[in-house]
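Worksheet: one structure, shown below.
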Amino acid sequence: MADTTRYQRGLDKLREIDGHAGEQVVASLAAIAPEFADYLIEFPFGDIYSRPGLDLKSREIATVAALTAMGHAAPQLKVHIQAALNVGCSQQEVVETIMQMAVYAGFPAALNGLFVAKEVFAHRPPSGA
């Protein structure tokens with residue numbers, strides 16, 4: 001770990017956004033690729049998520065859109081839907097973001113994203129509009 005300040009900034013941001021779920025992802029990498037776990041904390045969270053210019057809600061909406069459009073990142077989409085809700089997005093905003101992706105990524109990608117959202121929502125109390 002070359003830059004402990006960058007790592008700590010990333011870890012703090014990860015905890016702010018994802019809480020325990022993000023830490024579980026990082027811990028799950030310990031046995032196979034601990035260096036990759038460090039990169040995951042330092043670059044996305046220490047560098048990108050910590051930048052000024054977008055609030056965390058906007059960043060998570062963008063991330064939900066991107067992961068939905070990819071169409072093959074259901075586990076990561078699940079984590080980021082939870083994160084979006086954690087930083088203030090409503091369930092309706094998440095659903096609308098995923099539905100918007102039908103235009104650009106196709107109905108299958110949006111449908112898969114909606115099923116992931118349904119699973120996440122089933123384990124959380126409903127959020128406001």
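As shown in the structure tokens, the chain order sets the letters A, B, ...; within each chain, residues go from 1, and ligands are also counted from 1 in the order they appear.
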Practice problem: Please provide as a PyMOL selection string all residues within 12 Å of Ser90 of chain A, with the sequence filter that same-chain residues fewer than 3 positions apart are discarded (counting only C-alpha atoms). | Solution: chain A and resi 57+60-61+81-87+93-97+117+121+124-129
Export N, CA, C and O atoms of the chosen residues as a PDB file, in the first residue's frame?
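For reference, result-v6.pdb as written:
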```pdb
ATOM      1  N   LYS A  57     -25.018  11.293  -4.406  1.00  0.00           N
ATOM      2  CA  LYS A  57     -26.269  10.843  -5.022  1.00  0.00           C
ATOM      3  C   LYS A  57     -26.121  10.815  -6.545  1.00  0.00           C
ATOM      4  O   LYS A  57     -26.476   9.829  -7.188  1.00  0.00           O
ATOM      5  N   GLU A  60     -23.837   7.937  -7.617  1.00  0.00           N
ATOM      6  CA  GLU A  60     -24.471   6.617  -7.544  1.00  0.00           C
ATOM      7  C   GLU A  60     -25.525   6.422  -8.638  1.00  0.00           C
ATOM      8  O   GLU A  60     -25.648   5.328  -9.182  1.00  0.00           O
ATOM      9  N   ILE A  61     -26.253   7.480  -8.987  1.00  0.00           N
ATOM     10  CA  ILE A  61     -27.200   7.369 -10.109  1.00  0.00           C
ATOM     11  C   ILE A  61     -26.430   7.018 -11.385  1.00  0.00           C
ATOM     12  O   ILE A  61     -26.829   6.145 -12.155  1.00  0.00           O
ATOM     13  N   ILE A  81     -26.993  -0.205  -6.009  1.00  0.00           N
ATOM     14  CA  ILE A  81     -28.378   0.192  -5.716  1.00  0.00           C
ATOM     15  C   ILE A  81     -28.513   0.430  -4.220  1.00  0.00           C
ATOM     16  O   ILE A  81     -29.112   1.432  -3.792  1.00  0.00           O
ATOM     17  N   GLN A  82     -27.942  -0.451  -3.420  1.00  0.00           N
ATOM     18  CA  GLN A  82     -27.955  -0.237  -1.967  1.00  0.00           C
ATOM     19  C   GLN A  82     -27.249   1.068  -1.619  1.00  0.00           C
ATOM     20  O   GLN A  82     -27.739   1.846  -0.791  1.00  0.00           O
ATOM     21  N   ALA A  83     -26.120   1.315  -2.268  1.00  0.00           N
ATOM     22  CA  ALA A  83     -25.374   2.549  -2.016  1.00  0.00           C
ATOM     23  C   ALA A  83     -26.197   3.774  -2.409  1.00  0.00           C
ATOM     24  O   ALA A  83     -26.206   4.776  -1.687  1.00  0.00           O
ATOM     25  N   ALA A  84     -26.873   3.703  -3.558  1.00  0.00           N
ATOM     26  CA  ALA A  84     -27.708   4.824  -4.005  1.00  0.00           C
ATOM     27  C   ALA A  84     -28.774   5.145  -2.959  1.00  0.00           C
ATOM     28  O   ALA A  84     -29.013   6.320  -2.639  1.00  0.00           O
ATOM     29  N   LEU A  85     -29.388   4.124  -2.416  1.00  0.00           N
ATOM     30  CA  LEU A  85     -30.389   4.336  -1.377  1.00  0.00           C
ATOM     31  C   LEU A  85     -29.738   4.906  -0.115  1.00  0.00           C
ATOM     32  O   LEU A  85     -30.312   5.774   0.538  1.00  0.00           O
ATOM     33  N   ASN A  86     -28.534   4.442   0.205  1.00  0.00           N
ATOM     34  CA  ASN A  86     -27.822   4.930   1.393  1.00  0.00           C
ATOM     35  C   ASN A  86     -27.494   6.417   1.304  1.00  0.00           C
ATOM     36  O   ASN A  86     -27.428   7.089   2.331  1.00  0.00           O
ATOM     37  N   VAL A  87     -27.241   6.917   0.082  1.00  0.00           N
ATOM     38  CA  VAL A  87     -26.830   8.320  -0.054  1.00  0.00           C
ATOM     39  C   VAL A  87     -27.990   9.241  -0.431  1.00  0.00           C
ATOM     40  O   VAL A  87     -27.762  10.394  -0.779  1.00  0.00           O
ATOM     41  N   GLU A  93     -36.359   6.850  -7.905  1.00  0.00           N
ATOM     42  CA  GLU A  93     -35.243   7.370  -8.706  1.00  0.00           C
ATOM     43  C   GLU A  93     -34.382   6.240  -9.263  1.00  0.00           C
ATOM     44  O   GLU A  93     -33.939   6.296 -10.417  1.00  0.00           O
ATOM     45  N   VAL A  94     -34.172   5.216  -8.471  1.00  0.00           N
ATOM     46  CA  VAL A  94     -33.399   4.061  -8.937  1.00  0.00           C
ATOM     47  C   VAL A  94     -34.137   3.372 -10.076  1.00  0.00           C
ATOM     48  O   VAL A  94     -33.549   3.070 -11.123  1.00  0.00           O
ATOM     49  N   VAL A  95     -35.426   3.140  -9.901  1.00  0.00           N
ATOM     50  CA  VAL A  95     -36.229   2.480 -10.940  1.00  0.00           C
ATOM     51  C   VAL A  95     -36.232   3.308 -12.224  1.00  0.00           C
ATOM     52  O   VAL A  95     -36.045   2.770 -13.328  1.00  0.00           O
ATOM     53  N   GLU A  96     -36.419   4.604 -12.117  1.00  0.00           N
ATOM     54  CA  GLU A  96     -36.433   5.469 -13.303  1.00  0.00           C
ATOM     55  C   GLU A  96     -35.082   5.462 -14.014  1.00  0.00           C
ATOM     56  O   GLU A  96     -35.017   5.474 -15.248  1.00  0.00           O
ATOM     57  N   THR A  97     -34.015   5.440 -13.244  1.00  0.00           N
ATOM     58  CA  THR A  97     -32.673   5.380 -13.835  1.00  0.00           C
ATOM     59  C   THR A  97     -32.503   4.088 -14.625  1.00  0.00           C
ATOM     60  O   THR A  97     -32.010   4.097 -15.765  1.00  0.00           O
ATOM     61  N   ALA A 117     -32.984  -4.577  -8.669  1.00  0.00           N
ATOM     62  CA  ALA A 117     -33.562  -3.556  -7.787  1.00  0.00           C
ATOM     63  C   ALA A 117     -34.673  -4.149  -6.920  1.00  0.00           C
ATOM     64  O   ALA A 117     -34.748  -3.873  -5.717  1.00  0.00           O
ATOM     65  N   PHE A 121     -34.760  -3.941  -2.946  1.00  0.00           N
ATOM     66  CA  PHE A 121     -35.877  -3.267  -2.271  1.00  0.00           C
ATOM     67  C   PHE A 121     -36.583  -4.196  -1.291  1.00  0.00           C
ATOM     68  O   PHE A 121     -37.112  -3.745  -0.268  1.00  0.00           O
ATOM     69  N   ARG A 124     -35.223  -3.852   2.212  1.00  0.00           N
ATOM     70  CA  ARG A 124     -35.129  -2.505   2.785  1.00  0.00           C
ATOM     71  C   ARG A 124     -36.529  -1.921   2.908  1.00  0.00           C
ATOM     72  O   ARG A 124     -37.397  -2.228   2.109  1.00  0.00           O
ATOM     73  N   PRO A 125     -36.714  -1.014   3.858  1.00  0.00           N
ATOM     74  CA  PRO A 125     -38.000  -0.321   3.915  1.00  0.00           C
ATOM     75  C   PRO A 125     -38.145   0.593   2.712  1.00  0.00           C
ATOM     76  O   PRO A 125     -37.140   1.068   2.156  1.00  0.00           O
ATOM     77  N   PRO A 126     -39.376   0.826   2.244  1.00  0.00           N
ATOM     78  CA  PRO A 126     -39.577   1.715   1.074  1.00  0.00           C
ATOM     79  C   PRO A 126     -39.018   3.107   1.361  1.00  0.00           C
ATOM     80  O   PRO A 126     -39.082   3.616   2.469  1.00  0.00           O
ATOM     81  N   SER A 127     -38.444   3.712   0.312  1.00  0.00           N
ATOM     82  CA  SER A 127     -37.934   5.081   0.441  1.00  0.00           C
ATOM     83  C   SER A 127     -38.877   6.020  -0.284  1.00  0.00           C
ATOM     84  O   SER A 127     -39.615   5.620  -1.176  1.00  0.00           O
ATOM     85  N   GLY A 128     -38.816   7.300   0.084  1.00  0.00           N
ATOM     86  CA  GLY A 128     -39.700   8.305  -0.493  1.00  0.00           C
ATOM     87  C   GLY A 128     -39.366   8.630  -1.925  1.00  0.00           C
ATOM     88  O   GLY A 128     -38.394   8.188  -2.487  1.00  0.00           O
ATOM     89  N   ALA A 129     -40.233   9.431  -2.512  1.00  0.00           N
ATOM     90  CA  ALA A 129     -40.088   9.807  -3.917  1.00  0.00           C
ATOM     91  C   ALA A 129     -39.004  10.804  -4.139  1.00  0.00           C
ATOM     92  O   ALA A 129     -38.493  11.468  -3.328  1.00  0.00           O
TER      93      ALA A 129
END
```
Quiz prompt | Top pick for closest residue to Val64 of chain A, considering A:Leu29, A:Leu40, A:Met101, A:Ala21 and counting only C-alpha atoms | solution =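 Among the listed residues, A:Met101 lies closest to Val64 of chain A.
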Name the residues of chain A that come out as alpha helix (DSSP H) in a backbone DSSP run; write them as a tab-separated table (two decimals) with N, CA, C and O atoms, in the first residue's frame.
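Okay, this is what ended up in states38.tsv:
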```tsv
chain	number	residue	atom	x	y	z
A	4	THR	N	-0.98	5.69	2.15
A	4	THR	CA	-1.94	5.43	3.21
A	4	THR	C	-3.00	6.52	3.29
A	4	THR	O	-4.12	6.26	3.69
A	5	THR	N	-2.65	7.76	2.92
A	5	THR	CA	-3.65	8.84	2.94
A	5	THR	C	-4.73	8.56	1.90
A	5	THR	O	-5.92	8.69	2.18
A	6	ARG	N	-4.31	8.17	0.72
A	6	ARG	CA	-5.24	7.84	-0.36
A	6	ARG	C	-6.10	6.64	0.05
A	6	ARG	O	-7.31	6.63	-0.16
A	7	TYR	N	-5.47	5.64	0.63
A	7	TYR	CA	-6.19	4.44	1.09
A	7	TYR	C	-7.20	4.82	2.16
A	7	TYR	O	-8.36	4.41	2.10
A	8	GLN	N	-6.79	5.60	3.16
A	8	GLN	CA	-7.70	5.96	4.25
A	8	GLN	C	-8.86	6.81	3.74
A	8	GLN	O	-10.00	6.63	4.14
A	9	ARG	N	-8.57	7.75	2.84
A	9	ARG	CA	-9.63	8.57	2.24
A	9	ARG	C	-10.63	7.67	1.52
A	9	ARG	O	-11.85	7.84	1.64
A	10	GLY	N	-10.12	6.69	0.79
A	10	GLY	CA	-10.99	5.76	0.08
A	10	GLY	C	-11.80	4.89	1.01
A	10	GLY	O	-12.99	4.66	0.79
A	11	LEU	N	-11.17	4.39	2.06
A	11	LEU	CA	-11.88	3.56	3.03
A	11	LEU	C	-12.98	4.36	3.72
A	11	LEU	O	-14.11	3.86	3.89
A	12	ASP	N	-12.70	5.59	4.09
A	12	ASP	CA	-13.72	6.45	4.71
A	12	ASP	C	-14.89	6.69	3.76
A	12	ASP	O	-16.05	6.64	4.16
A	13	LYS	N	-14.59	6.93	2.48
A	13	LYS	CA	-15.64	7.18	1.49
A	13	LYS	C	-16.45	5.92	1.25
A	13	LYS	O	-17.67	5.96	1.14
A	14	LEU	N	-15.77	4.77	1.16
A	14	LEU	CA	-16.46	3.49	0.99
A	14	LEU	C	-17.44	3.26	2.13
A	14	LEU	O	-18.59	2.88	1.89
A	15	ARG	N	-17.01	3.51	3.34
A	15	ARG	CA	-17.89	3.32	4.50
A	15	ARG	C	-19.07	4.28	4.46
A	15	ARG	O	-20.19	3.92	4.82
A	16	GLU	N	-18.83	5.51	4.02
A	16	GLU	CA	-19.90	6.51	3.92
A	16	GLU	C	-20.96	6.08	2.91
A	16	GLU	O	-22.16	6.24	3.13
A	17	ILE	N	-20.51	5.50	1.81
A	17	ILE	CA	-21.42	5.14	0.72
A	17	ILE	C	-22.06	3.78	0.93
A	17	ILE	O	-23.28	3.63	0.84
A	18	ASP	N	-21.24	2.79	1.18
A	18	ASP	CA	-21.70	1.40	1.17
A	18	ASP	C	-21.87	0.79	2.55
A	18	ASP	O	-22.46	-0.29	2.66
A	20	HIS	N	-21.44	-1.50	5.52
A	20	HIS	CA	-20.93	-2.86	5.70
A	20	HIS	C	-20.82	-3.62	4.38
A	20	HIS	O	-19.91	-4.43	4.22
A	21	ALA	N	-21.69	-3.36	3.43
A	21	ALA	CA	-21.68	-4.10	2.15
A	21	ALA	C	-20.36	-3.89	1.40
A	21	ALA	O	-19.81	-4.84	0.85
A	22	GLY	N	-19.86	-2.69	1.39
A	22	GLY	CA	-18.61	-2.41	0.70
A	22	GLY	C	-17.43	-3.09	1.37
A	22	GLY	O	-16.53	-3.63	0.71
A	23	GLU	N	-17.45	-3.10	2.68
A	23	GLU	CA	-16.38	-3.76	3.42
A	23	GLU	C	-16.39	-5.26	3.17
A	23	GLU	O	-15.33	-5.89	3.13
A	24	GLN	N	-17.57	-5.84	2.99
A	24	GLN	CA	-17.67	-7.28	2.69
A	24	GLN	C	-17.04	-7.60	1.35
A	24	GLN	O	-16.36	-8.62	1.21
A	25	VAL	N	-17.25	-6.74	0.36
A	25	VAL	CA	-16.64	-6.95	-0.96
A	25	VAL	C	-15.13	-6.94	-0.83
A	25	VAL	O	-14.43	-7.82	-1.36
A	26	VAL	N	-14.60	-5.97	-0.12
A	26	VAL	CA	-13.16	-5.85	0.06
A	26	VAL	C	-12.63	-7.07	0.82
A	26	VAL	O	-11.62	-7.68	0.42
A	27	ALA	N	-13.30	-7.47	1.89
A	27	ALA	CA	-12.86	-8.63	2.68
A	27	ALA	C	-12.88	-9.91	1.86
A	27	ALA	O	-12.03	-10.78	2.03
A	28	SER	N	-13.84	-10.02	0.95
A	28	SER	CA	-13.95	-11.24	0.15
A	28	SER	C	-12.76	-11.41	-0.80
A	28	SER	O	-12.51	-12.52	-1.29
A	34	PRO	N	-5.47	-9.55	-2.37
A	34	PRO	CA	-5.54	-8.42	-1.44
A	34	PRO	C	-5.07	-7.10	-2.06
A	34	PRO	O	-5.58	-6.04	-1.70
A	35	GLU	N	-4.13	-7.16	-3.00
A	35	GLU	CA	-3.68	-5.93	-3.65
A	35	GLU	C	-4.81	-5.31	-4.47
A	35	GLU	O	-4.94	-4.09	-4.54
A	36	PHE	N	-5.63	-6.15	-5.09
A	36	PHE	CA	-6.76	-5.65	-5.86
A	36	PHE	C	-7.75	-4.95	-4.94
A	36	PHE	O	-8.34	-3.93	-5.31
A	37	ALA	N	-7.93	-5.48	-3.73
A	37	ALA	CA	-8.81	-4.83	-2.75
A	37	ALA	C	-8.28	-3.43	-2.42
A	37	ALA	O	-9.06	-2.48	-2.31
A	38	ASP	N	-6.96	-3.31	-2.31
A	38	ASP	CA	-6.37	-1.98	-2.06
A	38	ASP	C	-6.67	-1.04	-3.23
A	38	ASP	O	-7.03	0.11	-3.03
A	39	TYR	N	-6.49	-1.54	-4.46
A	39	TYR	CA	-6.79	-0.72	-5.64
A	39	TYR	C	-8.25	-0.29	-5.65
A	39	TYR	O	-8.56	0.85	-6.01
A	40	LEU	N	-9.12	-1.20	-5.27
A	40	LEU	CA	-10.56	-0.93	-5.25
A	40	LEU	C	-10.89	0.19	-4.26
A	40	LEU	O	-11.79	1.00	-4.51
A	56	LEU	N	-22.62	12.63	-3.93
A	56	LEU	CA	-22.65	11.16	-3.92
A	56	LEU	C	-23.92	10.60	-4.56
A	56	LEU	O	-23.88	9.55	-5.21
A	57	LYS	N	-25.02	11.29	-4.41
A	57	LYS	CA	-26.27	10.84	-5.02
A	57	LYS	C	-26.12	10.82	-6.54
A	57	LYS	O	-26.48	9.83	-7.19
A	58	SER	N	-25.57	11.87	-7.12
A	58	SER	CA	-25.36	11.91	-8.57
A	58	SER	C	-24.38	10.83	-9.02
A	58	SER	O	-24.58	10.18	-10.06
A	59	ARG	N	-23.33	10.62	-8.26
A	59	ARG	CA	-22.36	9.59	-8.61
A	59	ARG	C	-23.00	8.20	-8.59
A	59	ARG	O	-22.72	7.36	-9.46
A	60	GLU	N	-23.84	7.94	-7.62
A	60	GLU	CA	-24.47	6.62	-7.54
A	60	GLU	C	-25.52	6.42	-8.64
A	60	GLU	O	-25.65	5.33	-9.18
A	61	ILE	N	-26.25	7.48	-8.99
A	61	ILE	CA	-27.20	7.37	-10.11
A	61	ILE	C	-26.43	7.02	-11.39
A	61	ILE	O	-26.83	6.15	-12.15
A	62	ALA	N	-25.30	7.69	-11.60
A	62	ALA	CA	-24.48	7.39	-12.78
A	62	ALA	C	-23.96	5.96	-12.74
A	62	ALA	O	-23.93	5.27	-13.77
A	63	THR	N	-23.57	5.50	-11.58
A	63	THR	CA	-23.04	4.14	-11.44
A	63	THR	C	-24.14	3.11	-11.68
A	63	THR	O	-23.91	2.10	-12.37
A	64	VAL	N	-25.32	3.34	-11.13
A	64	VAL	CA	-26.45	2.42	-11.38
A	64	VAL	C	-26.75	2.37	-12.87
A	64	VAL	O	-26.97	1.29	-13.43
A	65	ALA	N	-26.74	3.51	-13.53
A	65	ALA	CA	-27.00	3.53	-14.97
A	65	ALA	C	-25.93	2.74	-15.73
A	65	ALA	O	-26.24	1.92	-16.60
A	66	ALA	N	-24.68	2.98	-15.41
A	66	ALA	CA	-23.58	2.30	-16.11
A	66	ALA	C	-23.63	0.79	-15.89
A	66	ALA	O	-23.48	0.01	-16.84
A	67	LEU	N	-23.82	0.37	-14.66
A	67	LEU	CA	-23.86	-1.07	-14.38
A	67	LEU	C	-25.07	-1.73	-15.02
A	67	LEU	O	-24.98	-2.87	-15.49
A	68	THR	N	-26.19	-1.04	-15.05
A	68	THR	CA	-27.37	-1.57	-15.74
A	68	THR	C	-27.06	-1.73	-17.22
A	68	THR	O	-27.35	-2.77	-17.81
A	69	ALA	N	-26.48	-0.71	-17.82
A	69	ALA	CA	-26.18	-0.75	-19.26
A	69	ALA	C	-25.19	-1.86	-19.60
A	69	ALA	O	-25.27	-2.44	-20.69
A	70	MET	N	-24.26	-2.16	-18.70
A	70	MET	CA	-23.32	-3.24	-18.96
A	70	MET	C	-24.05	-4.56	-19.15
A	70	MET	O	-23.65	-5.37	-19.98
A	74	ALA	N	-24.56	-7.86	-12.33
A	74	ALA	CA	-25.62	-7.89	-11.32
A	74	ALA	C	-25.11	-7.79	-9.88
A	74	ALA	O	-25.69	-7.03	-9.10
A	75	PRO	N	-24.04	-8.49	-9.49
A	75	PRO	CA	-23.60	-8.35	-8.10
A	75	PRO	C	-23.16	-6.92	-7.76
A	75	PRO	O	-23.47	-6.41	-6.69
A	76	GLN	N	-22.45	-6.28	-8.70
A	76	GLN	CA	-22.01	-4.91	-8.47
A	76	GLN	C	-23.20	-3.95	-8.50
A	76	GLN	O	-23.26	-2.99	-7.73
A	77	LEU	N	-24.16	-4.21	-9.38
A	77	LEU	CA	-25.36	-3.38	-9.44
A	77	LEU	C	-26.12	-3.45	-8.13
A	77	LEU	O	-26.59	-2.43	-7.62
A	78	LYS	N	-26.20	-4.62	-7.55
A	78	LYS	CA	-26.88	-4.79	-6.27
A	78	LYS	C	-26.23	-3.92	-5.20
A	78	LYS	O	-26.90	-3.19	-4.47
A	79	VAL	N	-24.90	-3.96	-5.11
A	79	VAL	CA	-24.18	-3.15	-4.13
A	79	VAL	C	-24.43	-1.66	-4.37
A	79	VAL	O	-24.65	-0.90	-3.42
A	80	HIS	N	-24.43	-1.25	-5.64
A	80	HIS	CA	-24.57	0.18	-5.92
A	80	HIS	C	-26.02	0.66	-5.83
A	80	HIS	O	-26.24	1.85	-5.58
A	81	ILE	N	-26.99	-0.20	-6.01
A	81	ILE	CA	-28.38	0.19	-5.72
A	81	ILE	C	-28.51	0.43	-4.22
A	81	ILE	O	-29.11	1.43	-3.79
A	82	GLN	N	-27.94	-0.45	-3.42
A	82	GLN	CA	-27.95	-0.24	-1.97
A	82	GLN	C	-27.25	1.07	-1.62
A	82	GLN	O	-27.74	1.85	-0.79
A	83	ALA	N	-26.12	1.32	-2.27
A	83	ALA	CA	-25.37	2.55	-2.02
A	83	ALA	C	-26.20	3.77	-2.41
A	83	ALA	O	-26.21	4.78	-1.69
A	84	ALA	N	-26.87	3.70	-3.56
A	84	ALA	CA	-27.71	4.82	-4.01
A	84	ALA	C	-28.77	5.15	-2.96
A	84	ALA	O	-29.01	6.32	-2.64
A	85	LEU	N	-29.39	4.12	-2.42
A	85	LEU	CA	-30.39	4.34	-1.38
A	85	LEU	C	-29.74	4.91	-0.12
A	85	LEU	O	-30.31	5.77	0.54
A	86	ASN	N	-28.53	4.44	0.20
A	86	ASN	CA	-27.82	4.93	1.39
A	86	ASN	C	-27.49	6.42	1.30
A	86	ASN	O	-27.43	7.09	2.33
A	91	GLN	N	-36.26	4.88	-4.05
A	91	GLN	CA	-36.48	3.69	-4.87
A	91	GLN	C	-37.01	4.10	-6.25
A	91	GLN	O	-36.60	3.53	-7.26
A	92	GLN	N	-37.87	5.10	-6.30
A	92	GLN	CA	-38.41	5.57	-7.57
A	92	GLN	C	-37.30	6.11	-8.47
A	92	GLN	O	-37.28	5.84	-9.67
A	93	GLU	N	-36.36	6.85	-7.90
A	93	GLU	CA	-35.24	7.37	-8.71
A	93	GLU	C	-34.38	6.24	-9.26
A	93	GLU	O	-33.94	6.30	-10.42
A	94	VAL	N	-34.17	5.22	-8.47
A	94	VAL	CA	-33.40	4.06	-8.94
A	94	VAL	C	-34.14	3.37	-10.08
A	94	VAL	O	-33.55	3.07	-11.12
A	95	VAL	N	-35.43	3.14	-9.90
A	95	VAL	CA	-36.23	2.48	-10.94
A	95	VAL	C	-36.23	3.31	-12.22
A	95	VAL	O	-36.05	2.77	-13.33
A	96	GLU	N	-36.42	4.60	-12.12
A	96	GLU	CA	-36.43	5.47	-13.30
A	96	GLU	C	-35.08	5.46	-14.01
A	96	GLU	O	-35.02	5.47	-15.25
A	97	THR	N	-34.01	5.44	-13.24
A	97	THR	CA	-32.67	5.38	-13.83
A	97	THR	C	-32.50	4.09	-14.63
A	97	THR	O	-32.01	4.10	-15.76
A	98	ILE	N	-32.92	2.99	-14.04
A	98	ILE	CA	-32.80	1.70	-14.72
A	98	ILE	C	-33.70	1.66	-15.95
A	98	ILE	O	-33.27	1.19	-17.02
A	99	MET	N	-34.91	2.15	-15.84
A	99	MET	CA	-35.82	2.16	-17.00
A	99	MET	C	-35.25	3.01	-18.13
A	99	MET	O	-35.38	2.66	-19.31
A	100	GLN	N	-34.60	4.11	-17.81
A	100	GLN	CA	-33.99	4.98	-18.82
A	100	GLN	C	-32.97	4.20	-19.65
A	100	GLN	O	-32.78	4.47	-20.84
A	101	MET	N	-32.34	3.23	-19.04
A	101	MET	CA	-31.30	2.46	-19.75
A	101	MET	C	-31.89	1.56	-20.83
A	101	MET	O	-31.16	1.12	-21.73
A	102	ALA	N	-33.20	1.31	-20.81
A	102	ALA	CA	-33.83	0.52	-21.88
A	102	ALA	C	-33.63	1.21	-23.22
A	102	ALA	O	-33.45	0.54	-24.25
A	103	VAL	N	-33.61	2.53	-23.23
A	103	VAL	CA	-33.43	3.29	-24.46
A	103	VAL	C	-32.02	3.11	-25.03
A	103	VAL	O	-31.83	3.00	-26.23
A	104	TYR	N	-31.02	3.05	-24.17
A	104	TYR	CA	-29.63	3.05	-24.60
A	104	TYR	C	-28.95	1.68	-24.53
A	104	TYR	O	-27.99	1.44	-25.26
A	105	ALA	N	-29.43	0.82	-23.65
A	105	ALA	CA	-28.77	-0.48	-23.48
A	105	ALA	C	-29.68	-1.64	-23.84
A	105	ALA	O	-29.23	-2.77	-23.87
A	107	PHE	N	-33.89	-3.45	-23.70
A	107	PHE	CA	-34.84	-3.94	-22.71
A	107	PHE	C	-34.28	-5.06	-21.84
A	107	PHE	O	-34.53	-5.08	-20.63
A	108	PRO	N	-33.50	-6.00	-22.38
A	108	PRO	CA	-32.96	-7.05	-21.50
A	108	PRO	C	-32.10	-6.49	-20.37
A	108	PRO	O	-32.21	-6.93	-19.22
A	109	ALA	N	-31.25	-5.53	-20.67
A	109	ALA	CA	-30.40	-4.94	-19.63
A	109	ALA	C	-31.25	-4.23	-18.58
A	109	ALA	O	-31.01	-4.37	-17.37
A	110	ALA	N	-32.25	-3.47	-19.02
A	110	ALA	CA	-33.12	-2.77	-18.08
A	110	ALA	C	-33.94	-3.77	-17.26
A	110	ALA	O	-34.10	-3.60	-16.05
A	111	LEU	N	-34.44	-4.79	-17.90
A	111	LEU	CA	-35.22	-5.81	-17.20
A	111	LEU	C	-34.38	-6.49	-16.12
A	111	LEU	O	-34.82	-6.65	-14.98
A	112	ASN	N	-33.16	-6.87	-16.48
A	112	ASN	CA	-32.27	-7.49	-15.49
A	112	ASN	C	-31.99	-6.53	-14.35
A	112	ASN	O	-31.96	-6.94	-13.18
A	113	GLY	N	-31.78	-5.26	-14.65
A	113	GLY	CA	-31.54	-4.27	-13.61
A	113	GLY	C	-32.74	-4.10	-12.70
A	113	GLY	O	-32.58	-3.96	-11.48
A	114	LEU	N	-33.93	-4.12	-13.27
A	114	LEU	CA	-35.14	-3.99	-12.45
A	114	LEU	C	-35.30	-5.18	-11.51
A	114	LEU	O	-35.73	-5.02	-10.36
A	115	PHE	N	-34.94	-6.36	-11.97
A	115	PHE	CA	-35.02	-7.53	-11.09
A	115	PHE	C	-34.00	-7.44	-9.94
A	115	PHE	O	-34.31	-7.85	-8.82
A	116	VAL	N	-32.84	-6.89	-10.22
A	116	VAL	CA	-31.85	-6.68	-9.16
A	116	VAL	C	-32.41	-5.66	-8.16
A	116	VAL	O	-32.33	-5.86	-6.95
A	117	ALA	N	-32.98	-4.58	-8.67
A	117	ALA	CA	-33.56	-3.56	-7.79
A	117	ALA	C	-34.67	-4.15	-6.92
A	117	ALA	O	-34.75	-3.87	-5.72
A	118	LYS	N	-35.51	-4.97	-7.52
A	118	LYS	CA	-36.61	-5.60	-6.77
A	118	LYS	C	-36.05	-6.42	-5.61
A	118	LYS	O	-36.59	-6.37	-4.50
A	119	GLU	N	-34.97	-7.13	-5.86
A	119	GLU	CA	-34.34	-7.93	-4.81
A	119	GLU	C	-33.80	-7.04	-3.70
A	119	GLU	O	-33.98	-7.33	-2.51
A	120	VAL	N	-33.12	-5.95	-4.05
A	120	VAL	CA	-32.59	-5.03	-3.06
A	120	VAL	C	-33.73	-4.40	-2.25
A	120	VAL	O	-33.67	-4.34	-1.02
A	121	PHE	N	-34.76	-3.94	-2.95
A	121	PHE	CA	-35.88	-3.27	-2.27
A	121	PHE	C	-36.58	-4.20	-1.29
A	121	PHE	O	-37.11	-3.74	-0.27
A	122	ALA	N	-36.62	-5.49	-1.58
A	122	ALA	CA	-37.31	-6.45	-0.71
A	122	ALA	C	-36.65	-6.54	0.67
A	122	ALA	O	-37.31	-6.95	1.63
```
Quiz item: So how many Å separate atom CA of Gly106 of chain A and atom CA of Leu54 of chain A, to one decimal?
Solution: 26.8 Å
Quiz item: How many Å separate atom CA of Glu42 of chain A from atom CA of Ala73 of chain A?
Solution: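 Atom-to-atom, atom CA of Glu42 of chain A and atom CA of Ala73 of chain A are spaced 20.9 Å apart.
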